[in-house]
>>> print(open('my_file.cif').read())   # mmCIF, C-alpha atoms and all ligand atoms; chains and numbers go by the auth columns
data_work
#
loop_
_atom_site.group_PDB
_atom_site.id
_atom_site.type_symbol
_atom_site.label_atom_id
_atom_site.label_comp_id
_atom_site.label_asym_id
_atom_site.label_seq_id
_atom_site.Cartn_x
_atom_site.Cartn_y
_atom_site.Cartn_z
_atom_site.B_iso_or_equiv
_atom_site.auth_seq_id
_atom_site.auth_asym_id
ATOM 1 C CA MET A 1 1.394 -26.088 19.819 0.00 11 M
ATOM 2 C CA GLU A 2 1.115 -22.355 19.180 0.00 12 M
ATOM 3 C CA THR A 3 -0.879 -21.369 16.144 0.00 13 M
ATOM 4 C CA ALA A 4 -0.086 -18.226 14.143 0.00 14 M
ATOM 5 C CA PRO A 5 -2.234 -15.249 15.182 0.00 15 M
ATOM 6 C CA ALA A 6 -5.214 -14.526 12.953 0.00 16 M
ATOM 7 C CA PRO A 7 -4.439 -11.965 10.222 0.00 17 M
ATOM 8 C CA VAL A 8 -6.314 -8.824 11.248 0.00 18 M
ATOM 9 C CA VAL A 9 -6.875 -5.531 9.464 0.00 19 M
ATOM 10 C CA VAL A 10 -6.297 -2.548 11.750 0.00 20 M
ATOM 11 C CA ALA A 11 -7.329 1.032 10.914 0.00 21 M
ATOM 12 C CA ILE A 12 -5.522 3.808 12.782 0.00 22 M
ATOM 13 C CA ASP A 13 -6.872 7.305 12.171 0.00 23 M
ATOM 14 C CA GLY A 14 -6.332 10.719 13.723 0.00 24 M
ATOM 15 C CA PRO A 15 -5.005 14.205 13.073 0.00 25 M
ATOM 16 C CA SER A 16 -1.342 15.144 12.456 0.00 26 M
ATOM 17 C CA GLY A 17 1.094 14.967 15.327 0.00 27 M
ATOM 18 C CA THR A 18 -0.676 12.288 17.365 0.00 28 M
ATOM 19 C CA GLY A 19 2.143 9.795 16.789 0.00 29 M
ATOM 20 C CA LYS A 20 0.114 7.831 14.228 0.00 30 M
ATOM 21 C CA SER A 21 2.973 6.985 11.849 0.00 31 M
ATOM 22 C CA SER A 22 5.567 6.104 14.487 0.00 32 M
ATOM 23 C CA THR A 23 3.034 4.018 16.390 0.00 33 M
ATOM 24 C CA SER A 24 1.608 2.223 13.339 0.00 34 M
ATOM 25 C CA LYS A 25 5.035 1.362 11.956 0.00 35 M
ATOM 26 C CA ALA A 26 6.385 0.075 15.283 0.00 36 M
ATOM 27 C CA VAL A 27 3.269 -1.950 16.047 0.00 37 M
ATOM 28 C CA ALA A 28 3.221 -3.571 12.598 0.00 38 M
ATOM 29 C CA ALA A 29 6.923 -4.464 12.885 0.00 39 M
ATOM 30 C CA GLN A 30 6.455 -5.924 16.358 0.00 40 M
ATOM 31 C CA LEU A 31 3.486 -8.081 15.295 0.00 41 M
ATOM 32 C CA GLY A 32 4.844 -9.160 11.880 0.00 42 M
ATOM 33 C CA MET A 33 2.156 -7.290 9.961 0.00 43 M
ATOM 34 C CA ASN A 34 2.261 -5.099 6.862 0.00 44 M
ATOM 35 C CA TYR A 35 1.985 -1.310 7.160 0.00 45 M
ATOM 36 C CA LEU A 36 0.433 1.293 4.880 0.00 46 M
ATOM 37 C CA ASP A 37 0.958 5.063 5.250 0.00 47 M
ATOM 38 C CA THR A 38 -2.007 6.499 3.331 0.00 48 M
ATOM 39 C CA GLY A 39 -0.869 10.091 3.944 0.00 49 M
ATOM 40 C CA ALA A 40 2.229 9.241 1.878 0.00 50 M
ATOM 41 C CA GLN A 41 -0.045 8.268 -1.033 0.00 51 M
ATOM 42 C CA TYR A 42 -1.895 11.616 -0.893 0.00 52 M
ATOM 43 C CA ARG A 43 1.442 13.395 -0.625 0.00 53 M
ATOM 44 C CA ALA A 44 2.797 11.428 -3.603 0.00 54 M
ATOM 45 C CA ILE A 45 -0.097 12.323 -5.894 0.00 55 M
ATOM 46 C CA THR A 46 0.260 15.950 -4.729 0.00 56 M
ATOM 47 C CA TRP A 47 3.978 15.896 -5.585 0.00 57 M
ATOM 48 C CA TRP A 48 3.126 14.553 -9.053 0.00 58 M
ATOM 49 C CA MET A 49 0.568 17.368 -9.582 0.00 59 M
ATOM 50 C CA LEU A 50 3.106 20.030 -8.537 0.00 60 M
ATOM 51 C CA SER A 51 5.858 18.471 -10.664 0.00 61 M
ATOM 52 C CA ASN A 52 3.590 18.372 -13.709 0.00 62 M
ATOM 53 C CA GLY A 53 2.442 21.970 -13.522 0.00 63 M
ATOM 54 C CA ILE A 54 -1.135 21.195 -12.420 0.00 64 M
ATOM 55 C CA ASP A 55 -2.731 24.059 -10.449 0.00 65 M
ATOM 56 C CA VAL A 56 -3.573 22.299 -7.174 0.00 66 M
ATOM 57 C CA ASN A 57 -6.324 24.832 -6.446 0.00 67 M
ATOM 58 C CA ASP A 58 -8.085 23.970 -9.705 0.00 68 M
ATOM 59 C CA ALA A 59 -10.161 20.975 -8.589 0.00 69 M
ATOM 60 C CA ALA A 60 -11.263 20.157 -12.158 0.00 70 M
ATOM 61 C CA ALA A 61 -7.653 20.026 -13.389 0.00 71 M
ATOM 62 C CA VAL A 62 -6.624 17.867 -10.420 0.00 72 M
ATOM 63 C CA ALA A 63 -9.602 15.557 -11.041 0.00 73 M
ATOM 64 C CA ASP A 64 -8.714 15.220 -14.743 0.00 74 M
ATOM 65 C CA ALA A 65 -5.119 14.287 -13.944 0.00 75 M
ATOM 66 C CA SER A 66 -5.874 12.047 -10.948 0.00 76 M
ATOM 67 C CA GLY A 67 -5.682 8.790 -12.923 0.00 77 M
ATOM 68 C CA LYS A 68 -2.327 9.533 -14.545 0.00 78 M
ATOM 69 C CA PRO A 69 0.434 8.881 -11.971 0.00 79 M
ATOM 70 C CA ASP A 70 1.388 5.297 -11.173 0.00 80 M
ATOM 71 C CA LEU A 71 1.669 5.058 -7.366 0.00 81 M
ATOM 72 C CA VAL A 72 3.257 2.044 -5.691 0.00 82 M
ATOM 73 C CA SER A 73 3.537 1.597 -1.902 0.00 83 M
ATOM 74 C CA GLY A 74 5.898 -0.904 -0.254 0.00 84 M
ATOM 75 C CA THR A 75 4.340 -2.183 2.981 0.00 85 M
ATOM 76 C CA ASP A 76 7.296 -3.550 4.969 0.00 86 M
ATOM 77 C CA PRO A 77 7.123 -1.561 8.245 0.00 87 M
ATOM 78 C CA ALA A 78 10.921 -1.720 8.578 0.00 88 M
ATOM 79 C CA ALA A 79 11.362 0.035 5.224 0.00 89 M
ATOM 80 C CA PRO A 80 8.129 1.461 3.798 0.00 90 M
ATOM 81 C CA THR A 81 8.524 2.848 0.283 0.00 91 M
ATOM 82 C CA ILE A 82 6.551 4.997 -2.135 0.00 92 M
ATOM 83 C CA THR A 83 7.257 5.458 -5.830 0.00 93 M
ATOM 84 C CA VAL A 84 5.569 7.612 -8.451 0.00 94 M
ATOM 85 C CA ASP A 85 5.996 6.446 -12.058 0.00 95 M
ATOM 86 C CA GLY A 86 8.901 4.344 -10.804 0.00 96 M
ATOM 87 C CA ALA A 87 10.750 7.237 -9.093 0.00 97 M
ATOM 88 C CA ASP A 88 11.436 7.150 -5.347 0.00 98 M
ATOM 89 C CA ALA A 89 9.160 9.813 -3.810 0.00 99 M
ATOM 90 C CA ALA A 90 10.039 9.335 -0.123 0.00 100 M
ATOM 91 C CA GLY A 91 12.080 12.565 0.108 0.00 101 M
ATOM 92 C CA PRO A 92 10.093 14.952 -2.089 0.00 102 M
ATOM 93 C CA ILE A 93 6.734 14.148 -0.455 0.00 103 M
ATOM 94 C CA ARG A 94 7.955 15.649 2.860 0.00 104 M
ATOM 95 C CA THR A 95 8.800 19.100 1.498 0.00 105 M
ATOM 96 C CA PRO A 96 6.881 22.173 2.796 0.00 106 M
ATOM 97 C CA GLU A 97 5.500 22.737 -0.746 0.00 107 M
ATOM 98 C CA VAL A 98 3.827 19.326 -0.749 0.00 108 M
ATOM 99 C CA THR A 99 2.636 19.711 2.864 0.00 109 M
ATOM 100 C CA ALA A 100 1.016 23.057 1.975 0.00 110 M
ATOM 101 C CA ALA A 101 -0.767 21.640 -1.098 0.00 111 M
ATOM 102 C CA VAL A 102 -1.834 18.177 0.094 0.00 112 M
ATOM 103 C CA SER A 103 -5.120 19.165 1.767 0.00 113 M
ATOM 104 C CA ALA A 104 -6.409 20.779 -1.451 0.00 114 M
ATOM 105 C CA VAL A 105 -5.461 17.788 -3.603 0.00 115 M
ATOM 106 C CA SER A 106 -6.804 15.213 -1.147 0.00 116 M
ATOM 107 C CA ALA A 107 -10.166 17.002 -0.982 0.00 117 M
ATOM 108 C CA VAL A 108 -10.864 16.235 -4.667 0.00 118 M
ATOM 109 C CA PRO A 109 -13.333 13.298 -4.849 0.00 119 M
ATOM 110 C CA GLN A 110 -11.683 11.698 -7.927 0.00 120 M
ATOM 111 C CA VAL A 111 -8.345 11.667 -6.095 0.00 121 M
ATOM 112 C CA ARG A 112 -9.940 9.994 -3.082 0.00 122 M
ATOM 113 C CA THR A 113 -11.699 7.369 -5.205 0.00 123 M
ATOM 114 C CA ARG A 114 -8.441 6.494 -6.972 0.00 124 M
ATOM 115 C CA ILE A 115 -6.382 6.277 -3.775 0.00 125 M
ATOM 116 C CA THR A 116 -9.114 4.437 -1.863 0.00 126 M
ATOM 117 C CA GLU A 117 -9.135 1.703 -4.539 0.00 127 M
ATOM 118 C CA LEU A 118 -5.360 1.306 -4.211 0.00 128 M
ATOM 119 C CA GLN A 119 -5.665 1.126 -0.415 0.00 129 M
ATOM 120 C CA ARG A 120 -8.366 -1.558 -0.491 0.00 130 M
ATOM 121 C CA ALA A 121 -6.349 -3.687 -2.934 0.00 131 M
ATOM 122 C CA ILE A 122 -3.245 -3.435 -0.731 0.00 132 M
ATOM 123 C CA ALA A 123 -5.191 -4.353 2.431 0.00 133 M
ATOM 124 C CA ALA A 124 -6.839 -7.312 0.701 0.00 134 M
ATOM 125 C CA GLY A 125 -3.438 -8.616 -0.400 0.00 135 M
ATOM 126 C CA ALA A 126 -1.767 -8.622 3.036 0.00 136 M
ATOM 127 C CA PRO A 127 -1.592 -12.275 4.189 0.00 137 M
ATOM 128 C CA THR A 128 -0.309 -11.579 7.721 0.00 138 M
ATOM 129 C CA GLY A 129 -2.634 -8.660 8.387 0.00 139 M
ATOM 130 C CA ILE A 130 -2.003 -4.954 7.989 0.00 140 M
ATOM 131 C CA VAL A 131 -1.979 -1.696 9.933 0.00 141 M
ATOM 132 C CA VAL A 132 -3.382 1.087 7.747 0.00 142 M
ATOM 133 C CA GLU A 133 -2.985 4.635 9.039 0.00 143 M
ATOM 134 C CA GLY A 134 -4.751 7.753 7.811 0.00 144 M
ATOM 135 C CA ARG A 135 -7.764 9.999 8.288 0.00 145 M
ATOM 136 C CA ASP A 136 -10.725 8.075 6.830 0.00 146 M
ATOM 137 C CA ILE A 137 -9.620 4.455 7.070 0.00 147 M
ATOM 138 C CA GLY A 138 -12.135 3.327 9.712 0.00 148 M
ATOM 139 C CA THR A 139 -15.004 5.389 8.300 0.00 149 M
ATOM 140 C CA THR A 140 -14.621 4.983 4.531 0.00 150 M
ATOM 141 C CA VAL A 141 -11.703 2.925 3.216 0.00 151 M
ATOM 142 C CA LEU A 142 -12.044 -0.145 5.449 0.00 152 M
ATOM 143 C CA PRO A 143 -15.368 0.137 7.308 0.00 153 M
ATOM 144 C CA ASP A 144 -15.169 -3.621 8.081 0.00 154 M
ATOM 145 C CA ALA A 145 -11.682 -3.432 9.642 0.00 155 M
ATOM 146 C CA ASP A 146 -11.228 -5.878 12.522 0.00 156 M
ATOM 147 C CA LEU A 147 -10.068 -3.101 14.822 0.00 157 M
ATOM 148 C CA LYS A 148 -10.333 0.695 14.564 0.00 158 M
ATOM 149 C CA ILE A 149 -8.261 3.056 16.658 0.00 159 M
ATOM 150 C CA PHE A 150 -8.533 6.860 16.736 0.00 160 M
ATOM 151 C CA LEU A 151 -5.516 8.672 18.161 0.00 161 M
ATOM 152 C CA THR A 152 -5.898 12.178 19.590 0.00 162 M
ATOM 153 C CA ALA A 153 -3.660 14.649 21.481 0.00 163 M
ATOM 154 C CA SER A 154 -3.875 18.284 22.555 0.00 164 M
ATOM 155 C CA PRO A 155 -2.892 20.864 19.892 0.00 165 M
ATOM 156 C CA GLU A 156 0.144 21.828 22.010 0.00 166 M
ATOM 157 C CA ALA A 157 1.402 18.246 22.216 0.00 167 M
ATOM 158 C CA ARG A 158 0.837 17.737 18.496 0.00 168 M
ATOM 159 C CA ALA A 159 2.696 20.937 17.555 0.00 169 M
ATOM 160 C CA ALA A 160 5.594 20.019 19.836 0.00 170 M
ATOM 161 C CA ARG A 161 5.874 16.545 18.265 0.00 171 M
ATOM 162 C CA ARG A 162 5.635 17.841 14.708 0.00 172 M
ATOM 163 C CA GLY A 163 8.238 20.523 15.584 0.00 173 M
ATOM 164 C CA GLY A 164 10.510 17.807 16.964 0.00 174 M
ATOM 165 C CA GLU A 165 10.120 15.768 13.760 0.00 175 M
ATOM 166 C CA LEU A 166 10.940 18.761 11.571 0.00 176 M
ATOM 167 C CA ALA A 167 13.984 19.669 13.686 0.00 177 M
ATOM 168 C CA GLY A 168 15.114 16.016 13.509 0.00 178 M
ATOM 169 C CA ARG A 169 14.983 16.221 9.737 0.00 179 M
ATOM 170 C CA GLY A 170 17.692 18.888 9.945 0.00 180 M
ATOM 171 C CA GLY A 171 16.149 21.984 8.386 0.00 181 M
ATOM 172 C CA GLU A 172 18.281 25.094 8.003 0.00 182 M
ATOM 173 C CA LYS A 173 16.171 27.340 10.234 0.00 183 M
ATOM 174 C CA PRO A 174 15.127 26.703 13.851 0.00 184 M
ATOM 175 C CA VAL A 175 11.544 25.418 14.050 0.00 185 M
ATOM 176 C CA ASP A 176 8.936 28.051 14.987 0.00 186 M
ATOM 177 C CA LEU A 177 6.566 26.097 17.269 0.00 187 M
ATOM 178 C CA ASP A 178 3.782 28.647 17.074 0.00 188 M
ATOM 179 C CA ALA A 179 3.854 28.681 13.273 0.00 189 M
ATOM 180 C CA THR A 180 3.978 24.856 13.274 0.00 190 M
ATOM 181 C CA ARG A 181 0.926 24.772 15.552 0.00 191 M
ATOM 182 C CA GLN A 182 -1.004 27.215 13.333 0.00 192 M
ATOM 183 C CA ALA A 183 -0.132 25.296 10.140 0.00 193 M
ATOM 184 C CA LEU A 184 -1.071 21.987 11.717 0.00 194 M
ATOM 185 C CA LEU A 185 -4.437 23.293 12.961 0.00 195 M
ATOM 186 C CA ARG A 186 -5.134 24.830 9.554 0.00 196 M
ATOM 187 C CA ARG A 187 -4.472 21.499 7.824 0.00 197 M
ATOM 188 C CA ASP A 188 -6.642 19.620 10.350 0.00 198 M
ATOM 189 C CA ARG A 189 -9.486 22.071 9.816 0.00 199 M
ATOM 190 C CA ALA A 190 -9.262 21.582 6.054 0.00 200 M
ATOM 191 C CA ASP A 191 -9.027 17.778 6.411 0.00 201 M
ATOM 192 C CA SER A 192 -11.963 17.653 8.885 0.00 202 M
ATOM 193 C CA SER A 193 -14.292 19.959 6.972 0.00 203 M
ATOM 194 C CA ARG A 194 -13.931 18.639 3.406 0.00 204 M
ATOM 195 C CA LYS A 195 -17.076 17.098 1.888 0.00 205 M
ATOM 196 C CA THR A 196 -15.653 13.744 0.806 0.00 206 M
ATOM 197 C CA SER A 197 -14.590 11.382 3.615 0.00 207 M
ATOM 198 C CA PRO A 198 -13.275 13.935 6.101 0.00 208 M
ATOM 199 C CA LEU A 199 -11.017 13.150 9.049 0.00 209 M
ATOM 200 C CA ALA A 200 -13.435 11.545 11.504 0.00 210 M
ATOM 201 C CA LYS A 201 -13.629 8.978 14.272 0.00 211 M
ATOM 202 C CA ALA A 202 -15.676 5.909 13.350 0.00 212 M
ATOM 203 C CA ASP A 203 -18.465 5.153 15.837 0.00 213 M
ATOM 204 C CA ASP A 204 -16.877 1.802 16.652 0.00 214 M
ATOM 205 C CA ALA A 205 -13.283 3.104 16.985 0.00 215 M
ATOM 206 C CA VAL A 206 -11.348 2.940 20.256 0.00 216 M
ATOM 207 C CA GLU A 207 -10.129 6.449 21.096 0.00 217 M
ATOM 208 C CA VAL A 208 -6.657 6.764 22.622 0.00 218 M
ATOM 209 C CA ASP A 209 -5.626 10.211 23.919 0.00 219 M
ATOM 210 C CA THR A 210 -1.834 10.274 23.607 0.00 220 M
ATOM 211 C CA THR A 211 -1.255 13.723 25.173 0.00 221 M
ATOM 212 C CA GLU A 212 0.248 12.376 28.396 0.00 222 M
ATOM 213 C CA LEU A 213 1.723 9.169 26.952 0.00 223 M
ATOM 214 C CA THR A 214 5.206 8.413 25.651 0.00 224 M
ATOM 215 C CA LEU A 215 5.522 6.788 22.228 0.00 225 M
ATOM 216 C CA GLU A 216 6.433 3.505 23.951 0.00 226 M
ATOM 217 C CA GLN A 217 3.246 3.655 26.026 0.00 227 M
ATOM 218 C CA VAL A 218 1.090 4.302 22.950 0.00 228 M
ATOM 219 C CA ILE A 219 2.756 1.396 21.127 0.00 229 M
ATOM 220 C CA GLU A 220 2.157 -0.915 24.102 0.00 230 M
ATOM 221 C CA CYS A 221 -1.481 0.132 24.313 0.00 231 M
ATOM 222 C CA VAL A 222 -2.106 -0.476 20.596 0.00 232 M
ATOM 223 C CA VAL A 223 -0.247 -3.822 20.610 0.00 233 M
ATOM 224 C CA THR A 224 -2.471 -4.982 23.487 0.00 234 M
ATOM 225 C CA LEU A 225 -5.621 -3.914 21.624 0.00 235 M
ATOM 226 C CA ILE A 226 -4.507 -5.821 18.502 0.00 236 M
ATOM 227 C CA GLU A 227 -3.486 -8.962 20.407 0.00 237 M
ATOM 228 C CA ASP A 228 -6.870 -9.000 22.153 0.00 238 M
ATOM 229 C CA ARG A 229 -8.568 -8.710 18.780 0.00 239 M
ATOM 230 C CA GLN A 230 -6.383 -11.457 17.270 0.00 240 M
ATOM 231 C CA ARG A 231 -7.542 -13.832 19.995 0.00 241 M
ATOM 232 C CA THR A 232 -11.189 -13.349 19.086 0.00 242 M
ATOM 233 C CA ALA A 233 -10.784 -13.143 15.283 0.00 243 M
HETATM 234 O O1 LIG B . -0.501 11.880 7.550 0.00 301 M
HETATM 235 P P1 LIG B . 0.071 12.975 6.640 0.00 301 M
HETATM 236 O O2 LIG B . 0.288 14.273 7.344 0.00 301 M
HETATM 237 O O3 LIG B . 1.264 12.508 5.881 0.00 301 M
HETATM 238 O O4 LIG B . -1.107 13.215 5.572 0.00 301 M
HETATM 239 C C1 LIG B . -0.987 14.191 4.569 0.00 301 M
HETATM 240 C C2 LIG B . -2.348 14.693 4.134 0.00 301 M
HETATM 241 O O5 LIG B . -3.029 13.683 3.408 0.00 301 M
HETATM 242 C C3 LIG B . -3.294 15.143 5.233 0.00 301 M
HETATM 243 O O6 LIG B . -3.217 16.535 5.417 0.00 301 M
HETATM 244 C C4 LIG B . -4.659 14.767 4.724 0.00 301 M
HETATM 245 C C5 LIG B . -4.414 13.752 3.657 0.00 301 M
HETATM 246 N N1 LIG B . -4.885 12.415 4.013 0.00 301 M
HETATM 247 C C6 LIG B . -6.193 12.128 3.744 0.00 301 M
HETATM 248 O O7 LIG B . -6.925 12.999 3.270 0.00 301 M
HETATM 249 N N2 LIG B . -6.677 10.881 3.960 0.00 301 M
HETATM 250 C C7 LIG B . -5.886 9.921 4.482 0.00 301 M
HETATM 251 N N3 LIG B . -6.377 8.694 4.677 0.00 301 M
HETATM 252 C C8 LIG B . -4.528 10.219 4.791 0.00 301 M
HETATM 253 C C9 LIG B . -4.067 11.489 4.562 0.00 301 M
#
>>> encode(input="my_file.cif", output="structure tokens")
Amino acid sequence: METAPAPVVVAIDGPSGTGKSSTSKAVAAQLGMNYLDTGAQYRAITWWMLSNGIDVNDAAAVADASGKPDLVSGTDPAAPTITVDGADAAGPIRTPEVTAAVSAVSAVPQVRTRITELQRAIAAGAPTGIVVEGRDIGTTVLPDADLKIFLTASPEARAARRGGELAGRGGEKPVDLDATRQALLRRDRADSSRKTSPLAKADDAVEVDTTELTLEQVIECVVTLIEDRQRTA
């Protein structure tokens, strides 16, 4: 008789445009696991700061306000949700204003402590295992994760994918790939150089370079890594 696979906690980290979200969501759905988009949480708290007139470049003001918004993440990979004080934040967190401000807000230690606590509680409450994607999941949030994966890709591939995503969202103007590439590299530099839990590969993470791979190939690779881990868990 087949037994249910062991519930494993999987951390998937990497910079923007490596296919992290699409991969994590698809893999979690395929394996019947929960899914948490931690970038959405940082975006949501950033949206709350902007909506409440907090100067996002004033770290002390951001720190003071960091405990105020009520953030709730739904972890069904088929329909992940994020609400702030009960309001659906899925649309507003993807605006250019939020994207431009999120690195500053997520560099504030009090913000990271607050969001890290939420992330650990969600991971601990996932009975069929969870895929958690972000920047510091394997290094800081879940250092004891059963499996850690670090996705990379060349800057050109990442800009092209991010440009494709933006175009797919139906903006009014055509997407400027060079500007997208510059903005993406700027955000990665900020995320990698901040003092508190920067974007980094954990020593025990498996690195997957997705530059030459299709999304389907990345998904297949990650599913295989998780299934192997489930067998030994
Ligand atoms: O994955 P994303 O682009 O939606 O993430 C938005 C920002 O949130 C990213 O620029 C850095 C920050 N972030 C973070 O600091 N730590 C995480 N675990 C996830 C995201």
>>> resolve_selection(input="my_file.cif", expression="the PyMOL selection byres (((chain M and resi 207) around 12) and not hetatm)", output="PyMOL selection string")
chain M and resi 116-123+126+144-153+200-206+208-212
>>> atom_distance(input="my_file.cif", atom1="CA of Phe160 in chain M", atom2="CA of Asp219 in chain M")
8.4 Å
>>> residues_near_point(input="my_file.cif", point="(1.7, -1.3, 10.2)", cutoff="12 Å", atoms="only C-alpha atoms", output="MDAnalysis selection string")
chainID M and resid 18:22 30:48 84:90 133 136 138:144 229 232:233 236
>>> atom_distance(input="my_file.cif", atom1="CA of Ala215 in chain M", atom2="atom C6 of ligand LIG 301 (chain M)")
17.5 Å
>>> closest_residue(input="my_file.cif", among="M:Ala71, M:Ala110, M:Ile92, M:Ala14", to="ligand LIG 301 (chain M)", atoms="only C-alpha atoms and all ligand atoms")
M:Ala110
>>> closest_residue(input="my_file.cif", among="M:Asp198, M:Asp156, M:Glu237, M:Glu226", to="Gly24 in chain M", atoms="all atoms listed in the file")
M:Asp198
>>> residues_around(input="my_file.cif", residues="Arg172 in chain M", least_positions_apart="3", cutoff="12 Å", atoms="only C-alpha atoms", output="short mmCIF file (atom, residue, chain, number, x, y, z; two decimals) with C-alpha atoms, keeping the file's coordinate frame")
data_model
loop_
_atom_site.label_atom_id
_atom_site.label_comp_id
_atom_site.auth_asym_id
_atom_site.auth_seq_id
_atom_site.Cartn_x
_atom_site.Cartn_y
_atom_site.Cartn_z
CA PRO M 25 -5.00 14.20 13.07
CA SER M 26 -1.34 15.14 12.46
CA GLY M 27 1.09 14.97 15.33
CA THR M 28 -0.68 12.29 17.36
CA GLY M 29 2.14 9.80 16.79
CA LYS M 30 0.11 7.83 14.23
CA SER M 31 2.97 6.98 11.85
CA SER M 32 5.57 6.10 14.49
CA ALA M 163 -3.66 14.65 21.48
CA PRO M 165 -2.89 20.86 19.89
CA GLU M 166 0.14 21.83 22.01
CA ALA M 167 1.40 18.25 22.22
CA ARG M 168 0.84 17.74 18.50
CA ALA M 169 2.70 20.94 17.56
CA GLU M 175 10.12 15.77 13.76
CA LEU M 176 10.94 18.76 11.57
CA ALA M 177 13.98 19.67 13.69
CA GLY M 178 15.11 16.02 13.51
CA ARG M 179 14.98 16.22 9.74
CA VAL M 185 11.54 25.42 14.05
CA ASP M 186 8.94 28.05 14.99
CA LEU M 187 6.57 26.10 17.27
CA ASP M 188 3.78 28.65 17.07
CA ALA M 189 3.85 28.68 13.27
CA THR M 190 3.98 24.86 13.27
CA ARG M 191 0.93 24.77 15.55
CA GLN M 192 -1.00 27.22 13.33
CA ALA M 193 -0.13 25.30 10.14
CA LEU M 194 -1.07 21.99 11.72
CA LEU M 195 -4.44 23.29 12.96
#
>>> atom_distance(input="my_file.cif", atom1="CA of Asp65 in chain M", atom2="CA of Ile132 in chain M")
29.2 Å
>>> closest_residue(input="my_file.cif", among="M:Lys78, M:Arg197, M:Arg124, M:Arg130", to="ligand LIG 301 (chain M)", atoms="all atoms listed in the file")
M:Arg197
>>> closest_residue(input="my_file.cif", among="M:Leu81, M:Val216, M:Leu157, M:Ala243", to="Ala50 in chain M", atoms="all atoms listed in the file")
M:Leu81
